[in-house]
$ cat my_file-v2.pdb   # PDB, C-alpha atoms
MODEL        1
ATOM      1  CA  MET A  18      83.556 135.747 143.863
ATOM      2  CA  LYS A  19      81.279 132.978 144.929
ATOM      3  CA  ALA A  20      82.505 129.393 144.770
ATOM      4  CA  SER A  21      79.767 128.504 142.297
ATOM      5  CA  CYS A  22      81.006 131.209 139.922
ATOM      6  CA  ARG A  23      84.600 130.084 140.177
ATOM      7  CA  LEU A  24      83.516 126.499 139.445
ATOM      8  CA  ALA A  25      81.574 127.622 136.394
ATOM      9  CA  ILE A  26      84.563 129.576 135.036
ATOM     10  CA  PHE A  27      86.894 126.612 135.636
ATOM     11  CA  ALA A  28      84.484 124.280 133.823
ATOM     12  CA  ALA A  29      84.237 126.679 130.899
ATOM     13  CA  LEU A  30      88.034 126.810 130.595
ATOM     14  CA  CYS A  31      88.413 123.026 130.839
ATOM     15  CA  LEU A  32      85.633 122.114 128.423
ATOM     16  CA  PRO A  33      87.663 122.748 125.208
ATOM     17  CA  LEU A  34      90.546 120.671 126.614
ATOM     18  CA  LEU A  35      88.253 117.802 127.479
ATOM     19  CA  LEU A  36      86.598 117.919 124.065
ATOM     20  CA  THR A  37      89.977 117.693 122.316
ATOM     21  CA  GLY A  38      91.146 114.792 124.476
ATOM     22  CA  CYS A  39      93.563 116.867 126.538
ATOM     23  CA  SER A  40      93.770 116.673 130.290
ATOM     24  CA  LEU A  41      95.073 118.978 132.985
ATOM     25  CA  PHE A  42      95.798 116.049 135.256
ATOM     26  CA  PRO A  43      98.885 113.808 135.113
ATOM     27  CA  THR A  44      98.544 110.205 134.037
ATOM     28  CA  THR A  45     100.683 107.251 135.053
ATOM     29  CA  ARG A  46     101.963 104.572 132.699
ATOM     30  CA  LYS A  47     103.700 101.305 133.476
ATOM     31  CA  LEU A  48     107.169 100.912 131.989
ATOM     32  CA  PRO A  49     109.265  97.750 131.730
ATOM     33  CA  ILE A  50     111.774  97.493 134.546
ATOM     34  CA  PRO A  51     115.293  96.679 133.320
ATOM     35  CA  LYS A  52     116.735  93.612 134.982
ATOM     36  CA  ALA A  53     120.035  94.241 136.732
ATOM     37  CA  PRO A  54     122.858  91.671 136.855
ATOM     38  CA  VAL A  55     123.053  89.478 139.928
ATOM     39  CA  ILE A  56     126.567  90.717 140.651
ATOM     40  CA  THR A  57     127.922  94.250 140.205
ATOM     41  CA  GLN A  58     131.579  94.518 141.142
ATOM     42  CA  THR A  59     133.306  97.656 142.373
ATOM     43  CA  VAL A  60     136.993  98.261 141.719
ATOM     44  CA  THR A  61     139.274 101.294 141.591
ATOM     45  CA  ALA A  62     140.788 102.657 138.390
ATOM     46  CA  GLU A  63     144.163 101.214 139.430
ATOM     47  CA  GLU A  64     142.650  97.768 139.944
ATOM     48  CA  LEU A  65     140.960  97.938 136.557
ATOM     49  CA  VAL A  66     144.254  98.800 134.863
ATOM     50  CA  SER A  67     146.001  96.024 136.789
ATOM     51  CA  ARG A  68     143.467  93.440 135.602
ATOM     52  CA  LEU A  69     143.867  94.650 132.004
ATOM     53  CA  ASN A  70     147.667  94.458 132.240
ATOM     54  CA  GLN A  71     147.540  90.968 133.766
ATOM     55  CA  ARG A  72     145.249  89.689 131.026
ATOM     56  CA  TRP A  73     147.472  91.197 128.331
ATOM     57  CA  GLY A  74     150.648  89.891 129.966
ATOM     58  CA  ALA A  75     149.341  86.328 130.290
ATOM     59  CA  ILE A  76     149.055  85.820 126.518
ATOM     60  CA  ASN A  77     152.205  85.415 124.421
ATOM     61  CA  SER A  78     150.594  83.863 121.356
ATOM     62  CA  LEU A  79     147.117  83.203 120.030
ATOM     63  CA  THR A  80     145.674  80.873 117.408
ATOM     64  CA  ALA A  81     142.030  81.420 116.514
ATOM     65  CA  LYS A  82     139.759  79.740 113.992
ATOM     66  CA  VAL A  83     137.079  82.184 112.888
ATOM     67  CA  GLU A  84     134.393  82.944 110.338
ATOM     68  CA  PHE A  85     134.717  86.299 108.568
ATOM     69  CA  ARG A  86     131.662  88.301 107.495
ATOM     70  CA  ALA A  87     132.447  91.629 105.881
ATOM     71  CA  SER A  88     130.381  94.542 104.638
ATOM     72  CA  LYS A  89     131.075  97.939 103.132
ATOM     73  CA  SER A  90     128.836 101.006 103.143
ATOM     74  CA  LYS A  91     128.685 104.071 100.953
ATOM     75  CA  SER A  92     126.637 106.414 103.112
ATOM     76  CA  ARG A  93     126.560 109.221 100.549
ATOM     77  CA  GLU A  94     125.049 106.858  97.993
ATOM     78  CA  GLY A  95     122.826 105.012 100.467
ATOM     79  CA  VAL A  96     124.312 101.649  99.464
ATOM     80  CA  ALA A  97     125.743  98.783 101.507
ATOM     81  CA  THR A  98     127.441  95.654 100.166
ATOM     82  CA  ASP A  99     127.550  92.397 102.138
ATOM     83  CA  TYR A 100     130.210  89.875 101.154
ATOM     84  CA  PRO A 101     129.940  86.080 101.434
ATOM     85  CA  SER A 102     131.306  84.677 104.681
ATOM     86  CA  VAL A 103     134.649  82.902 104.588
ATOM     87  CA  GLU A 104     136.471  80.661 107.021
ATOM     88  CA  GLY A 105     139.755  81.866 108.399
ATOM     89  CA  VAL A 106     142.632  81.538 110.812
ATOM     90  CA  ILE A 107     144.352  84.239 112.850
ATOM     91  CA  LEU A 108     147.837  83.698 114.276
ATOM     92  CA  MET A 109     149.361  86.198 116.691
ATOM     93  CA  ARG A 110     152.673  86.242 118.517
ATOM     94  CA  LYS A 111     154.043  89.042 120.645
ATOM     95  CA  PRO A 112     155.310  91.574 120.213
ATOM     96  CA  GLU A 113     153.708  92.242 116.792
ATOM     97  CA  MET A 114     153.727  89.090 114.634
ATOM     98  CA  LEU A 115     150.424  88.491 112.842
ATOM     99  CA  ARG A 116     149.008  86.217 110.136
ATOM    100  CA  VAL A 117     145.406  86.419 108.899
ATOM    101  CA  VAL A 118     144.206  83.942 106.267
ATOM    102  CA  GLY A 119     140.731  83.710 104.758
ATOM    103  CA  HIS A 120     139.524  80.928 102.475
ATOM    104  CA  PHE A 121     136.287  79.884 100.787
ATOM    105  CA  THR A 122     136.100  76.060 100.599
ATOM    106  CA  ILE A 123     139.594  75.275  99.262
ATOM    107  CA  ALA A 124     140.226  78.625  97.544
ATOM    108  CA  ARG A 125     142.268  81.220  99.435
ATOM    109  CA  VAL A 126     140.565  84.635  99.480
ATOM    110  CA  PHE A 127     143.289  86.656 101.189
ATOM    111  CA  ASP A 128     146.499  86.098 103.112
ATOM    112  CA  MET A 129     148.176  88.784 105.212
ATOM    113  CA  ALA A 130     151.234  88.637 107.441
ATOM    114  CA  SER A 131     153.270  91.159 109.386
ATOM    115  CA  ASP A 132     156.297  91.370 111.653
ATOM    116  CA  GLY A 133     155.020  94.598 113.187
ATOM    117  CA  LYS A 134     156.938  96.896 110.848
ATOM    118  CA  THR A 135     156.229  95.582 107.352
ATOM    119  CA  PHE A 136     153.382  93.560 105.878
ATOM    120  CA  THR A 137     152.557  91.382 102.911
ATOM    121  CA  LEU A 138     148.973  91.082 101.631
ATOM    122  CA  SER A 139     148.063  88.565  98.931
ATOM    123  CA  ILE A 140     144.693  88.676  97.140
ATOM    124  CA  PRO A 141     144.733  85.651  94.785
ATOM    125  CA  HIS A 142     141.456  86.556  93.054
ATOM    126  CA  ASP A 143     143.038  89.777  91.752
ATOM    127  CA  ASN A 144     146.476  88.132  91.353
ATOM    128  CA  VAL A 145     147.870  91.013  93.437
ATOM    129  CA  VAL A 146     150.410  91.063  96.257
ATOM    130  CA  ILE A 147     150.952  94.260  98.225
ATOM    131  CA  LYS A 148     154.055  94.745 100.348
ATOM    132  CA  GLY A 149     154.974  97.739 102.422
ATOM    133  CA  SER A 150     155.311  99.498 105.725
ATOM    134  CA  ASN A 151     152.622  99.087 108.375
ATOM    135  CA  SER A 152     152.617 102.870 108.749
ATOM    136  CA  SER A 153     152.000 103.473 105.028
ATOM    137  CA  LYS A 154     149.165 105.956 104.424
ATOM    138  CA  LYS A 155     148.818 105.253 100.713
ATOM    139  CA  LYS A 156     145.281 104.261  99.803
ATOM    140  CA  SER A 157     143.989 102.021  97.045
ATOM    141  CA  LYS A 158     140.666 102.430  95.273
ATOM    142  CA  ASN A 159     139.970  98.837  96.319
ATOM    143  CA  THR A 160     139.099  99.175 100.000
ATOM    144  CA  TRP A 161     140.132  95.626 100.831
ATOM    145  CA  GLU A 162     143.644  96.302  99.545
ATOM    146  CA  ASN A 163     143.914  98.842 102.381
ATOM    147  CA  LEU A 164     143.663  96.180 105.079
ATOM    148  CA  ARG A 165     146.512  96.538 107.550
ATOM    149  CA  PRO A 166     147.672  94.182 110.307
ATOM    150  CA  GLY A 167     147.583  96.689 113.143
ATOM    151  CA  PHE A 168     143.845  96.933 113.650
ATOM    152  CA  PHE A 169     143.444  93.133 113.601
ATOM    153  CA  PHE A 170     146.086  92.788 116.296
ATOM    154  CA  ASP A 171     144.594  95.566 118.439
ATOM    155  CA  ALA A 172     141.063  94.226 118.002
ATOM    156  CA  MET A 173     141.732  90.615 118.924
ATOM    157  CA  LEU A 174     143.661  91.411 122.108
ATOM    158  CA  VAL A 175     143.039  94.421 124.346
ATOM    159  CA  ARG A 176     146.503  95.722 125.080
ATOM    160  CA  GLY A 177     147.761  96.628 128.506
ATOM    161  CA  LEU A 178     148.801 100.181 129.279
ATOM    162  CA  ASP A 179     152.238 101.662 128.609
ATOM    163  CA  PRO A 180     154.068 103.367 131.501
ATOM    164  CA  ASP A 181     153.464 106.849 130.040
ATOM    165  CA  ASP A 182     149.750 106.307 129.450
ATOM    166  CA  LEU A 183     147.351 108.472 131.430
ATOM    167  CA  TYR A 184     143.952 107.137 132.334
ATOM    168  CA  SER A 185     140.665 107.931 134.022
ATOM    169  CA  ARG A 186     137.698 105.795 134.989
ATOM    170  CA  THR A 187     134.033 106.707 134.890
ATOM    171  CA  THR A 188     130.907 104.694 135.594
ATOM    172  CA  ASP A 189     127.934 104.384 133.297
ATOM    173  CA  SER A 190     125.010 102.100 132.584
ATOM    174  CA  GLU A 191     123.517 100.837 129.349
ATOM    175  CA  THR A 192     120.049  99.413 128.821
ATOM    176  CA  VAL A 193     119.766  96.706 126.178
ATOM    177  CA  GLU A 194     116.752  94.780 124.917
ATOM    178  CA  ASP A 195     116.436  91.040 124.556
ATOM    179  CA  ALA A 196     113.866  90.989 121.748
ATOM    180  CA  ALA A 197     113.328  87.230 121.973
ATOM    181  CA  ARG A 198     112.506  87.273 125.666
ATOM    182  CA  LYS A 199     111.000  90.775 125.612
ATOM    183  CA  HIS A 200     113.146  91.866 128.531
ATOM    184  CA  LEU A 201     115.249  94.923 129.198
ATOM    185  CA  PHE A 202     118.615  94.473 130.853
ATOM    186  CA  SER A 203     120.579  97.135 132.681
ATOM    187  CA  ILE A 204     124.334  96.746 132.245
ATOM    188  CA  PRO A 205     126.454  98.716 134.729
ATOM    189  CA  GLU A 206     129.819  99.472 133.187
ATOM    190  CA  TYR A 207     133.192 101.045 133.746
ATOM    191  CA  VAL A 208     134.661 103.268 131.037
ATOM    192  CA  LEU A 209     138.465 103.458 131.035
ATOM    193  CA  SER A 210     139.767 106.379 128.971
ATOM    194  CA  ILE A 211     143.449 106.137 128.015
ATOM    195  CA  SER A 212     145.377 109.131 126.689
ATOM    196  CA  ARG A 213     148.892 110.469 126.215
ATOM    197  CA  ARG A 214     150.290 113.939 126.651
ATOM    198  CA  LYS A 215     151.271 115.725 123.458
ATOM    199  CA  PRO A 216     155.021 116.447 123.592
ATOM    200  CA  GLY A 217     155.723 119.984 124.785
ATOM    201  CA  SER A 218     152.072 120.630 125.546
ATOM    202  CA  GLN A 219     149.417 120.182 128.206
ATOM    203  CA  GLN A 220     147.103 118.734 125.563
ATOM    204  CA  LEU A 221     146.011 115.128 125.990
ATOM    205  CA  ILE A 222     145.603 112.972 122.884
ATOM    206  CA  PRO A 223     143.055 110.117 123.182
ATOM    207  CA  VAL A 224     144.516 106.683 122.543
ATOM    208  CA  ARG A 225     141.784 104.208 123.520
ATOM    209  CA  VAL A 226     138.543 103.928 125.433
ATOM    210  CA  VAL A 227     137.859 100.487 126.900
ATOM    211  CA  THR A 228     134.430  99.678 128.337
ATOM    212  CA  PHE A 229     134.029  96.880 130.900
ATOM    213  CA  ARG A 230     130.930  95.126 132.178
ATOM    214  CA  ARG A 231     130.862  95.423 135.936
ATOM    215  CA  ASP A 232     129.477  91.931 136.480
ATOM    216  CA  THR A 233     132.476  90.247 134.819
ATOM    217  CA  LEU A 234     135.037  93.091 134.662
ATOM    218  CA  LEU A 235     135.823  91.945 131.114
ATOM    219  CA  PRO A 236     136.103  94.363 128.159
ATOM    220  CA  TYR A 237     133.116  94.365 125.822
ATOM    221  CA  GLN A 238     133.950  97.428 123.736
ATOM    222  CA  GLN A 239     137.096  99.214 122.660
ATOM    223  CA  ASP A 240     137.422 102.447 120.673
ATOM    224  CA  LEU A 241     140.826 103.228 119.173
ATOM    225  CA  TYR A 242     141.990 106.648 117.940
ATOM    226  CA  ASP A 243     144.647 107.708 115.457
ATOM    227  CA  ALA A 244     147.514 110.128 116.142
ATOM    228  CA  ASP A 245     145.261 113.099 115.399
ATOM    229  CA  GLY A 246     142.583 112.011 117.869
ATOM    230  CA  ASN A 247     140.140 110.758 115.222
ATOM    231  CA  LEU A 248     138.120 107.620 115.918
ATOM    232  CA  GLU A 249     139.781 104.970 113.782
ATOM    233  CA  THR A 250     138.438 101.600 114.942
ATOM    234  CA  GLU A 251     135.450 100.486 117.010
ATOM    235  CA  VAL A 252     135.497  96.965 118.411
ATOM    236  CA  VAL A 253     132.573  95.199 120.103
ATOM    237  CA  TYR A 254     133.177  91.911 121.906
ATOM    238  CA  GLY A 255     130.415  89.326 122.128
ATOM    239  CA  ALA A 256     129.650  87.136 125.127
ATOM    240  CA  TYR A 257     132.739  85.505 126.575
ATOM    241  CA  GLN A 258     133.042  81.728 126.370
ATOM    242  CA  ASP A 259     135.423  79.174 127.770
ATOM    243  CA  PHE A 260     137.912  78.010 125.135
ATOM    244  CA  GLU A 261     140.127  75.301 126.596
ATOM    245  CA  GLY A 262     140.279  77.011 129.963
ATOM    246  CA  SER A 263     140.585  80.619 128.778
ATOM    247  CA  GLN A 264     137.843  83.228 128.553
ATOM    248  CA  PHE A 265     137.561  84.757 125.082
ATOM    249  CA  PRO A 266     134.798  86.628 123.219
ATOM    250  CA  SER A 267     132.530  84.471 121.070
ATOM    251  CA  SER A 268     132.520  87.215 118.430
ATOM    252  CA  VAL A 269     134.584  90.285 117.564
ATOM    253  CA  THR A 270     132.965  93.048 115.506
ATOM    254  CA  ILE A 271     135.446  95.477 113.959
ATOM    255  CA  LYS A 272     134.124  98.744 112.547
ATOM    256  CA  ARG A 273     136.273 101.195 110.584
ATOM    257  CA  PRO A 274     134.112 104.342 110.346
ATOM    258  CA  GLN A 275     136.485 106.329 108.141
ATOM    259  CA  GLU A 276     136.523 103.551 105.541
ATOM    260  CA  GLU A 277     132.914 102.512 106.225
ATOM    261  CA  ILE A 278     133.745  98.829 106.512
ATOM    262  CA  GLN A 279     132.721  96.273 109.104
ATOM    263  CA  ILE A 280     134.214  92.843 109.749
ATOM    264  CA  VAL A 281     132.460  90.404 112.060
ATOM    265  CA  LEU A 282     134.542  87.526 113.357
ATOM    266  CA  THR A 283     132.639  84.578 114.793
ATOM    267  CA  VAL A 284     135.143  82.749 116.966
ATOM    268  CA  GLU A 285     135.041  78.970 116.636
ATOM    269  CA  SER A 286     138.146  78.013 118.609
ATOM    270  CA  VAL A 287     140.984  79.695 120.493
ATOM    271  CA  LYS A 288     144.320  78.352 121.697
ATOM    272  CA  GLU A 289     146.674  80.480 123.742
ATOM    273  CA  ASN A 290     150.455  80.338 124.204
ATOM    274  CA  GLN A 291     151.192  77.733 121.567
ATOM    275  CA  THR A 292     154.632  77.684 119.968
ATOM    276  CA  LEU A 293     154.413  79.532 116.642
ATOM    277  CA  ALA A 294     157.443  79.429 114.340
ATOM    278  CA  ASP A 295     158.653  82.340 112.215
ATOM    279  CA  ASP A 296     157.751  80.566 108.955
ATOM    280  CA  GLN A 297     154.094  80.510 110.020
ATOM    281  CA  PHE A 298     154.108  84.283 109.511
ATOM    282  CA  VAL A 299     155.271  84.206 105.900
ATOM    283  CA  VAL A 300     152.956  84.714 102.908
ATOM    284  CA  GLN A 301     153.778  82.537  99.912
ATOM    285  CA  ILE A 302     153.633  84.730  96.804
ATOM    286  CA  PRO A 303     151.789  82.952  93.926
ATOM    287  CA  ASP A 304     153.590  82.518  90.645
ATOM    288  CA  GLY A 305     152.870  85.339  88.230
ATOM    289  CA  ALA A 306     151.343  87.615  90.886
ATOM    290  CA  LYS A 307     151.734  91.349  90.398
ATOM    291  CA  VAL A 308     153.705  92.674  93.365
ATOM    292  CA  GLN A 309     153.026  96.266  94.435
ATOM    293  CA  THR A 310     155.279  98.028  96.927
ATOM    294  CA  GLN A 311     154.044 100.765  99.252
ATOM    295  CA  GLU A 312     156.470 102.878 101.237
TER
ENDMDL
END
$ encode --input "my_file-v2.pdb" --output "structure tokens"
Amino acid sequence: MKASCRLAIFAALCLPLLLTGCSLFPTTRKLPIPKAPVITQTVTAEELVSRLNQRWGAINSLTAKVEFRASKSKSREGVATDYPSVEGVILMRKPEMLRVVGHFTIARVFDMASDGKTFTLSIPHDNVVIKGSNSSKKKSKNTWENLRPGFFFDAMLVRGLDPDDLYSRTTDSETVEDAARKHLFSIPEYVLSISRRKPGSQQLIPVRVVTFRRDTLLPYQQDLYDADGNLETEVVYGAYQDFEGSQFPSSVTIKRPQEEIQIVLTVESVKENQTLADDQFVVQIPDGAKVQTQE
């Protein structure tokens, strides 16, 4: 076949594509280039665990002044409720002592304390006090009556690893957008997966997944799982700031997917290793309050 004939056939085949705006030839577009951090550190899994253990071991007590912002979703109904922000204080003392108090102006909204085994939760607005075991699975129709000390404690401080914990480290990278500056940022990260072996089995049960930024090697996300391996709590840590010589997240976002609640803590001040007395972890029960006991 002559070249002129082949050219004519090719043109005839291409004409419909050209008329419809289609092209047989590749086109090139410019994409924004994510900006990488100035420093990307490289450490082994053992070094990462060591840093986490050192950070956990250096803190014996914590006093934080925060602002609470809470919301609750009902995904099946397509409804979300945002609650007014309240000021609050969180006291923590190892091994498991916790006190969380929220107040609006001078009125106390809630007051919860725990010694690690039992808790007391006071909700003055409802004139209700709930006392029981931290491991209690009983649920109230009022979601906020189901607040338990454990996930506050685990969210505020990323625990070190226990001797029987198994772990693995992977690398990843996340691209985030700074809408104000119209920039993309690439965040190299380490993902530390922590698990335990099920007794009498080769099965591994997930305990936690802690994600670190590789420029700072500080945790910025933590996922915690229940005994059945279900995701129970997601925690996202905001940018770290210097609070009286210690690095601590400027915000802590706690998500409870099973209950569809979210609590955002904006951290205003942090003091570490202060002396905290036992009576600072006691909830004063209001006169006439209805006390409910949960086993």
$ closest_atom_pairs --input "my_file-v2.pdb" --of "region 133-179 of chain A" --to "region 226-248 of chain A" --cutoff "9 Å" --atoms "only C-alpha atoms" --output "tab-separated table"
residue	atom	partner	partner_atom	distance
A:Phe168	CA	A:Leu241	CA	8.9
A:Asp171	CA	A:Leu241	CA	8.6
A:Ala172	CA	A:Gln239	CA	7.9
A:Val175	CA	A:Gln239	CA	7.8
$ residues_near_point --input "my_file-v2.pdb" --point "(135.3, 86.6, 117.8)" --cutoff "10 Å" --atoms "all atoms listed in the file" --output "list of chain:residue names"
A:Ala81, A:Lys82, A:Val83, A:Glu84, A:Phe85, A:Ala172, A:Met173, A:Val253, A:Tyr254, A:Gly255, A:Ala256, A:Tyr257, A:Phe265, A:Pro266, A:Ser267, A:Ser268, A:Val269, A:Thr270, A:Ile271, A:Val281, A:Leu282, A:Thr283, A:Val284, A:Glu285, A:Ser286, A:Val287
$ residues_around --input "my_file-v2.pdb" --residues "region 140-150 of chain A" --least-positions-apart "4" --cutoff "8 Å" --atoms "only C-alpha atoms" --output "JSON, numbers by chain"
{"A": [125, 126, 127, 128, 134, 135, 136, 162, 302, 303, 305, 306, 307, 308, 309, 310, 311, 312]}
$ residues_around --input "my_file-v2.pdb" --residues "region 44-58 of chain A" --least-positions-apart "2" --cutoff "9 Å" --atoms "all atoms listed in the file" --output "JSON, numbers by chain"
{"A": [40, 42, 60, 192, 193, 194, 200, 201, 202, 203, 204, 205, 206, 230, 231, 232, 233, 234]}
$ resolve_selection --input "my_file-v2.pdb" --expression "the PyMOL selection byres ((chain A and resi 122) around 12)" --output "list in words"
Pro101, Ser102, Val103, Glu104, Gly105, Gly119, His120, Phe121, Ile123, Ala124, Arg125 and Val126 of chain A
$ residues_around --input "my_file-v2.pdb" --residues "Ile107 (chain A)" --least-positions-apart "2" --cutoff "6 Å" --atoms "all atoms listed in the file" --output "VMD selection string"
chain A and resid 80 to 81 116 to 117
$ write_last_selection --input "my_file-v2.pdb" --atoms "C-alpha atoms" --output "short mmCIF file (atom, residue, chain, number, x, y, z; two decimals), in the coordinates of the input"
data_model
loop_
_atom_site.label_atom_id
_atom_site.label_comp_id
_atom_site.auth_asym_id
_atom_site.auth_seq_id
_atom_site.Cartn_x
_atom_site.Cartn_y
_atom_site.Cartn_z
CA THR A 80 145.67 80.87 117.41
CA ALA A 81 142.03 81.42 116.51
CA ARG A 116 149.01 86.22 110.14
CA VAL A 117 145.41 86.42 108.90
#
$ residues_around --input "my_file-v2.pdb" --residues "Tyr184 (chain A)" --least-positions-apart "2" --cutoff "7 Å" --atoms "all atoms listed in the file" --output "NGL selection string"
:A and (182 or 186 or 209-212)
$ closest_residue --input "my_file-v2.pdb" --among "A:Leu115, A:Ile76, A:Leu65, A:Ala87" --to "Val300 (chain A)" --atoms "all atoms listed in the file"
A:Leu115
